[in-house]
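> I'd like to ask you about the structure that follows.
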Amino acid sequence: MTTQTPAAKSPGGIRDLGKMFGGGQSTGRQFGILGALVVIILLFQIMTEGKTLDPVNLINLVNQNAYVLILAIGMVMVIIAGHIDLSVGSVAAVVGIIVAKSMTDWQLPWPMAILLGLLVGVVIGAWQGWWVAYVGVPAFIVTLAGMLIFRGLNQLIGNANTIPVPDEFTFIGGGFLPEWGPDTGYNNSTLLLGLVVAVAIALLEVRTRRNQAKTGAERVPLWVSVFKVLVLDAVVIYATLLFGGGRVGTSFPVSGIILGLLIILYSFVTRSTIFGRHVYAVGGNAHAAELSGVKIKRVNFFVMMNMSVLAALAGMIAVARSVSSGPQDGLGWELDAIAAVFIGGAAVSGGIGTVAGSIVGGLVIAVLNNGLQLLGVTSDKVQIIKGLVLLIAVGIDVYSHRRGGPSLIGRLFGGGGRRTVAAEAAGVEQPAVVPTSEPAEDSSRSLTT
């Protein structure tokens with residue numbers, strides 16, 4: 001009896017193009033949400049008669065949403081590890097009021113006030129991380145309590161009043177890259193930044209292909225890499241001209257620079273470090289991670305503490321932009337951050353997600369808010385639309401897991417066959433666990449979950 005080997009699928013075309021940003025089910029969803037973001041931008045650009053991509057509007061878009069995107073960076077690590085953090089808005093608010101009072105009442109210089117705010121974030125994160133990791137209280141309960149505690153502290157410390165901040169401090173939330181050099185019709189700092197990013201994209205792609213060749217890993221066709229670089233550089237150049245061509249005195253926001261540096265840092269941490277791999281391992285299969293020697297309690301502790309530090313930074317940026325801190329700061333921020341992560345392709349069950357995907361999800365929410373406001377849609381309808389977008393995004397994820405196969409976008413870009421959850425976990429979003437020589441410790445998370 002002879003068995004007939006299925007014919008190999010010929011490479012090329014849209015199947016190779018689908019490998020442009022990686023592979024796997026989660027990557028397919030993120031690729032799809034990136035396409036959805038482009039469609040939403042073009043749709044609002046038409047409906048608002050060009051106001052969406054107006055330089056002034058884009059600059060405001062970054063300034064208004066930088067804090068949500070920073071929160072999404074930390075939240076994606078929390079959700080990958082299998083937890084949730086409901087306290088980030090309240091943490092940001094209490095840090096904001098402490099920093100404002102330290103400069104206004106205690107005459108603390110603004111650099112020292114920023115360090116104080118980050119230190120408060122560390123202390124709060126260590127407090128919540130201890131309850132989650134070493135006491136074993138579910139993160140949902142710990143952060144729900146934290147949401148109430150720190151919201152109350154914000155009102156107690158500030159006496160429910162608005163406290164202004166010095167002008168020097170507002171630079172981190174409302175400042176722009178400086179003007180210098182000859183008159184080119186654009187902000188030269190922004191032009192230089194765009195040039196550096198465009199060159200870096202090309203160099204990183206060349207480096208990736210060289211490393212793949214050295215290790216014998218599968219490489220996408222050369223034309224796909226060239227197409228990827230051309231597309232990304234075209235976007236960067238276009239965005240550079242938009243941000244650099246705004247009214248005199250404005251350019252790319254400082255808060256956007258901070259956000260970009262955090263994206264680079266945390267993308268590296270989650271993809272290329274042992275700690276990042278352990279975060280994915282704990283969220284994907286806590287029992288297997290424990291048997292592999294992963295210090296589960298330590299991972300959970302640092303994930304929660306990191307979230308509070310980023311919440312502290314987001315709170316300070318928001319206060320700097322609004323030039324004051326008040327009792328309404330941080331309301332609903334946790335919902336936007338969580339929505340950004342799930343829209344960006346993270347799995348509800350944990351173990352899957354990326355920083356880049358969460359940023360794209362956050363941009364979807366930001367563009368929706370901005371576009372609907374430009375169209376004059378009332379806030380109640382905006383909330384309804386955002387809720388429907390989140391529900392649909394998570395519903396697609398759950399439906400895909402139940403079927404054991406990729407999403408529609410995943411099929412379109414080369415994921416046609418069925419895949420199990422275990423197979424998905426082996427993709428690029430969940431690197432292999434790096435065993436340690438230290439003995440495994442008891443998990444603070446139920447292994448039967």
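Following the order of the structure tokens, first chain is A, next is B, and so on, with residues numbered from 1 inside each chain and ligands from 1 in the order they appear.
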Using only C-alpha atoms, find each residue of segment 244-323 of chain A with at least one atom at most 10 Å away from an atom of segment 131-135 of chain A; report its shortest atom-to-atom pair and that distance in Å (one decimal), sort the rows by chain and rising residue number, and return the result as CSV.

residue,atom,partner,partner_atom,distance
A:Ile296,CA,A:Ala133,CA,7.9
A:Lys297,CA,A:Ala133,CA,4.7
A:Arg298,CA,A:Ala133,CA,7.1
A:Val299,CA,A:Ala133,CA,8.2
A:Asn300,CA,A:Ala133,CA,5.5
A:Phe301,CA,A:Ala133,CA,5.3
A:Phe302,CA,A:Ala133,CA,9.1
A:Val303,CA,A:Ala133,CA,9.8
A:Met304,CA,A:Val132,CA,8.1
> Taking the backbone alone, and naming residues the way the document does, which bits of segment 220-434 of chain A are alpha helix (DSSP H) by DSSP, as a JSON list (two decimals) with C-alpha atoms, in the first residue's frame?

[["chain", "number", "residue", "atom", "x", "y", "z"],
["A", 222, "LEU", "CA", 13.99, 38.89, -0.65],
["A", 223, "TRP", "CA", 11.21, 40.73, -2.45],
["A", 224, "VAL", "CA", 9.03, 40.47, 0.65],
["A", 225, "SER", "CA", 11.74, 42.07, 2.80],
["A", 226, "VAL", "CA", 12.26, 44.83, 0.25],
["A", 227, "PHE", "CA", 8.51, 45.43, 0.03],
["A", 228, "LYS", "CA", 8.24, 45.53, 3.83],
["A", 229, "VAL", "CA", 11.04, 48.12, 4.13],
["A", 230, "LEU", "CA", 9.58, 50.26, 1.34],
["A", 231, "VAL", "CA", 6.10, 50.22, 2.90],
["A", 232, "LEU", "CA", 7.30, 51.02, 6.41],
["A", 233, "ASP", "CA", 9.70, 53.71, 5.25],
["A", 234, "ALA", "CA", 6.99, 55.29, 3.12],
["A", 235, "VAL", "CA", 4.71, 55.46, 6.17],
["A", 236, "VAL", "CA", 7.53, 56.91, 8.29],
["A", 237, "ILE", "CA", 8.41, 59.55, 5.69],
["A", 238, "TYR", "CA", 4.77, 60.55, 5.21],
["A", 239, "ALA", "CA", 4.23, 60.80, 8.98],
["A", 240, "THR", "CA", 7.46, 62.80, 9.32],
["A", 241, "LEU", "CA", 6.29, 65.37, 6.78],
["A", 242, "LEU", "CA", 2.90, 65.62, 8.50],
["A", 243, "PHE", "CA", 4.30, 66.08, 12.01],
["A", 244, "GLY", "CA", 7.10, 68.35, 10.82],
["A", 254, "VAL", "CA", 7.95, 64.78, 23.52],
["A", 255, "SER", "CA", 5.36, 62.36, 24.90],
["A", 256, "GLY", "CA", 5.57, 60.53, 21.56],
["A", 257, "ILE", "CA", 9.35, 60.24, 21.95],
["A", 258, "ILE", "CA", 8.90, 58.74, 25.42],
["A", 259, "LEU", "CA", 6.30, 56.34, 24.04],
["A", 260, "GLY", "CA", 8.56, 55.30, 21.16],
["A", 261, "LEU", "CA", 11.48, 54.55, 23.49],
["A", 262, "LEU", "CA", 9.21, 52.45, 25.71],
["A", 263, "ILE", "CA", 7.92, 50.49, 22.70],
["A", 264, "ILE", "CA", 11.48, 49.67, 21.64],
["A", 265, "LEU", "CA", 12.53, 48.71, 25.17],
["A", 266, "TYR", "CA", 9.55, 46.51, 26.00],
["A", 267, "SER", "CA", 9.47, 44.88, 22.57],
["A", 268, "PHE", "CA", 13.05, 43.81, 23.22],
["A", 269, "VAL", "CA", 12.25, 42.64, 26.75],
["A", 270, "THR", "CA", 9.24, 40.54, 25.72],
["A", 271, "ARG", "CA", 10.82, 39.03, 22.61],
["A", 272, "SER", "CA", 14.53, 38.69, 23.36],
["A", 274, "ILE", "CA", 14.70, 35.30, 29.46],
["A", 275, "PHE", "CA", 12.29, 37.26, 31.63],
["A", 276, "GLY", "CA", 10.07, 37.95, 28.64],
["A", 277, "ARG", "CA", 9.99, 34.28, 27.74],
["A", 278, "HIS", "CA", 9.10, 33.41, 31.30],
["A", 279, "VAL", "CA", 6.16, 35.84, 31.22],
["A", 280, "TYR", "CA", 4.78, 34.04, 28.16],
["A", 281, "ALA", "CA", 5.45, 30.66, 29.77],
["A", 282, "VAL", "CA", 3.57, 31.54, 32.97],
["A", 283, "GLY", "CA", 0.58, 32.78, 31.04],
["A", 284, "GLY", "CA", 0.59, 29.92, 28.53],
["A", 286, "ALA", "CA", 1.83, 27.75, 34.55],
["A", 287, "HIS", "CA", 2.30, 24.07, 35.41],
["A", 288, "ALA", "CA", 4.79, 23.47, 32.61],
["A", 289, "ALA", "CA", 6.60, 26.69, 33.47],
["A", 290, "GLU", "CA", 6.92, 25.61, 37.09],
["A", 291, "LEU", "CA", 8.31, 22.24, 36.07],
["A", 296, "ILE", "CA", 6.47, 32.00, 38.89],
["A", 297, "LYS", "CA", 6.07, 34.15, 41.98],
["A", 298, "ARG", "CA", 8.96, 36.35, 40.94],
["A", 299, "VAL", "CA", 7.55, 36.78, 37.44],
["A", 300, "ASN", "CA", 4.09, 37.70, 38.73],
["A", 301, "PHE", "CA", 5.58, 40.14, 41.23],
["A", 302, "PHE", "CA", 7.65, 42.03, 38.67],
["A", 303, "VAL", "CA", 4.87, 42.06, 36.08],
["A", 304, "MET", "CA", 2.51, 43.76, 38.53],
["A", 305, "MET", "CA", 5.19, 46.16, 39.78],
["A", 306, "ASN", "CA", 6.15, 47.11, 36.24],
["A", 307, "MET", "CA", 2.53, 47.93, 35.46],
["A", 308, "SER", "CA", 2.33, 50.38, 38.36],
["A", 309, "VAL", "CA", 5.57, 52.08, 37.35],
["A", 310, "LEU", "CA", 4.25, 52.64, 33.83],
["A", 311, "ALA", "CA", 0.95, 53.86, 35.30],
["A", 312, "ALA", "CA", 2.92, 56.37, 37.36],
["A", 313, "LEU", "CA", 4.71, 57.59, 34.24],
["A", 314, "ALA", "CA", 1.44, 57.82, 32.31],
["A", 315, "GLY", "CA", -0.12, 59.80, 35.15],
["A", 316, "MET", "CA", 2.74, 62.31, 35.19],
["A", 317, "ILE", "CA", 2.57, 62.78, 31.40],
["A", 318, "ALA", "CA", -1.18, 63.37, 31.58],
["A", 319, "VAL", "CA", -0.78, 65.88, 34.42],
["A", 320, "ALA", "CA", 1.98, 67.67, 32.50],
["A", 321, "ARG", "CA", -0.26, 67.95, 29.44],
["A", 322, "SER", "CA", -3.25, 69.29, 31.37],
["A", 333, "TRP", "CA", -8.03, 54.71, 31.81],
["A", 334, "GLU", "CA", -7.81, 51.05, 32.78],
["A", 335, "LEU", "CA", -10.70, 50.23, 30.44],
["A", 336, "ASP", "CA", -9.02, 51.88, 27.46],
["A", 337, "ALA", "CA", -5.73, 50.10, 28.20],
["A", 338, "ILE", "CA", -7.38, 46.70, 28.53],
["A", 339, "ALA", "CA", -9.40, 47.26, 25.38],
["A", 340, "ALA", "CA", -6.25, 48.24, 23.46],
["A", 341, "VAL", "CA", -4.53, 45.01, 24.46],
["A", 342, "PHE", "CA", -7.42, 42.74, 23.48],
["A", 343, "ILE", "CA", -8.12, 44.58, 20.24],
["A", 355, "VAL", "CA", 3.64, 45.11, 22.51],
["A", 356, "ALA", "CA", 3.30, 46.15, 18.87],
["A", 357, "GLY", "CA", -0.17, 44.63, 18.64],
["A", 358, "SER", "CA", -1.29, 46.48, 21.76],
["A", 359, "ILE", "CA", -0.01, 49.76, 20.36],
["A", 360, "VAL", "CA", -1.98, 49.16, 17.15],
["A", 361, "GLY", "CA", -5.06, 48.34, 19.25],
["A", 362, "GLY", "CA", -4.57, 51.54, 21.21],
["A", 363, "LEU", "CA", -4.28, 53.52, 17.99],
["A", 364, "VAL", "CA", -7.55, 52.01, 16.80],
["A", 365, "ILE", "CA", -9.27, 53.34, 19.93],
["A", 366, "ALA", "CA", -7.50, 56.70, 19.60],
["A", 367, "VAL", "CA", -8.49, 57.16, 15.96],
["A", 368, "LEU", "CA", -12.06, 56.10, 16.72],
["A", 369, "ASN", "CA", -12.32, 58.64, 19.54],
["A", 370, "ASN", "CA", -10.75, 61.38, 17.47],
["A", 371, "GLY", "CA", -12.67, 60.69, 14.27],
["A", 372, "LEU", "CA", -16.03, 60.46, 15.99],
["A", 373, "GLN", "CA", -15.36, 63.71, 17.84],
["A", 374, "LEU", "CA", -14.47, 65.42, 14.56],
["A", 379, "SER", "CA", -19.85, 60.91, 23.96],
["A", 380, "ASP", "CA", -22.56, 58.35, 24.76],
["A", 381, "LYS", "CA", -22.53, 57.03, 21.20],
["A", 382, "VAL", "CA", -18.72, 56.98, 21.22],
["A", 383, "GLN", "CA", -18.80, 54.68, 24.26],
["A", 384, "ILE", "CA", -21.29, 52.37, 22.55],
["A", 385, "ILE", "CA", -19.14, 52.10, 19.44],
["A", 386, "LYS", "CA", -15.97, 51.45, 21.43],
["A", 387, "GLY", "CA", -17.73, 48.73, 23.42],
["A", 388, "LEU", "CA", -18.94, 47.02, 20.25],
["A", 389, "VAL", "CA", -15.43, 47.11, 18.76],
["A", 390, "LEU", "CA", -13.97, 45.49, 21.89],
["A", 391, "LEU", "CA", -16.71, 42.85, 22.04],
["A", 392, "ILE", "CA", -16.26, 41.90, 18.39],
["A", 393, "ALA", "CA", -12.46, 41.72, 18.71],
["A", 394, "VAL", "CA", -12.55, 39.44, 21.76],
["A", 395, "GLY", "CA", -15.43, 37.42, 20.29],
["A", 396, "ILE", "CA", -13.34, 36.64, 17.22],
["A", 397, "ASP", "CA", -10.47, 35.52, 19.47],
["A", 398, "VAL", "CA", -12.69, 33.21, 21.55],
["A", 399, "TYR", "CA", -14.40, 31.78, 18.48],
["A", 400, "SER", "CA", -11.04, 31.11, 16.88],
["A", 401, "HIS", "CA", -9.78, 29.23, 19.95],
["A", 402, "ARG", "CA", -12.91, 27.12, 20.13],
["A", 403, "ARG", "CA", -12.49, 26.02, 16.54],
["A", 408, "LEU", "CA", -10.21, 34.74, 8.87],
["A", 409, "ILE", "CA", -7.23, 37.05, 8.60],
["A", 410, "GLY", "CA", -4.94, 34.18, 9.56],
["A", 411, "ARG", "CA", -6.35, 32.03, 6.75],
["A", 412, "LEU", "CA", -5.95, 34.84, 4.27],
["A", 421, "VAL", "CA", -3.74, 26.00, 21.01],
["A", 422, "ALA", "CA", -0.45, 24.25, 21.74],
["A", 423, "ALA", "CA", 0.70, 24.80, 18.20],
["A", 424, "GLU", "CA", -0.21, 28.45, 18.45],
["A", 425, "ALA", "CA", 1.76, 28.74, 21.65]]
> Residues at most 7 Å from segment 174-185 of chain A, counting only C-alpha atoms, excluding those fewer than 5 positions away in the same chain, as an NGL selection string?
:A and (63 or 190 or 245 or 250-254 or 320-321)
> One number please: atom CA of Val323 of chain A to atom CA of Thr170 of chain A, in Å, one decimal.
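So the two atoms, atom CA of Val323 of chain A and atom CA of Thr170 of chain A, lie 6.1 Å apart.
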> What is the distance, in Å and to one decimal place, between atom CA of Met103 of chain A and atom CA of Leu156 of chain A?
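The value is 17.7 Å.
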> Please compute the atom CA of Ile114 of chain A-atom CA of Val76 of chain A distance, one decimal, in Å.
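Value for the atom CA of Ile114 of chain A-atom CA of Val76 of chain A distance: 24.1 Å.
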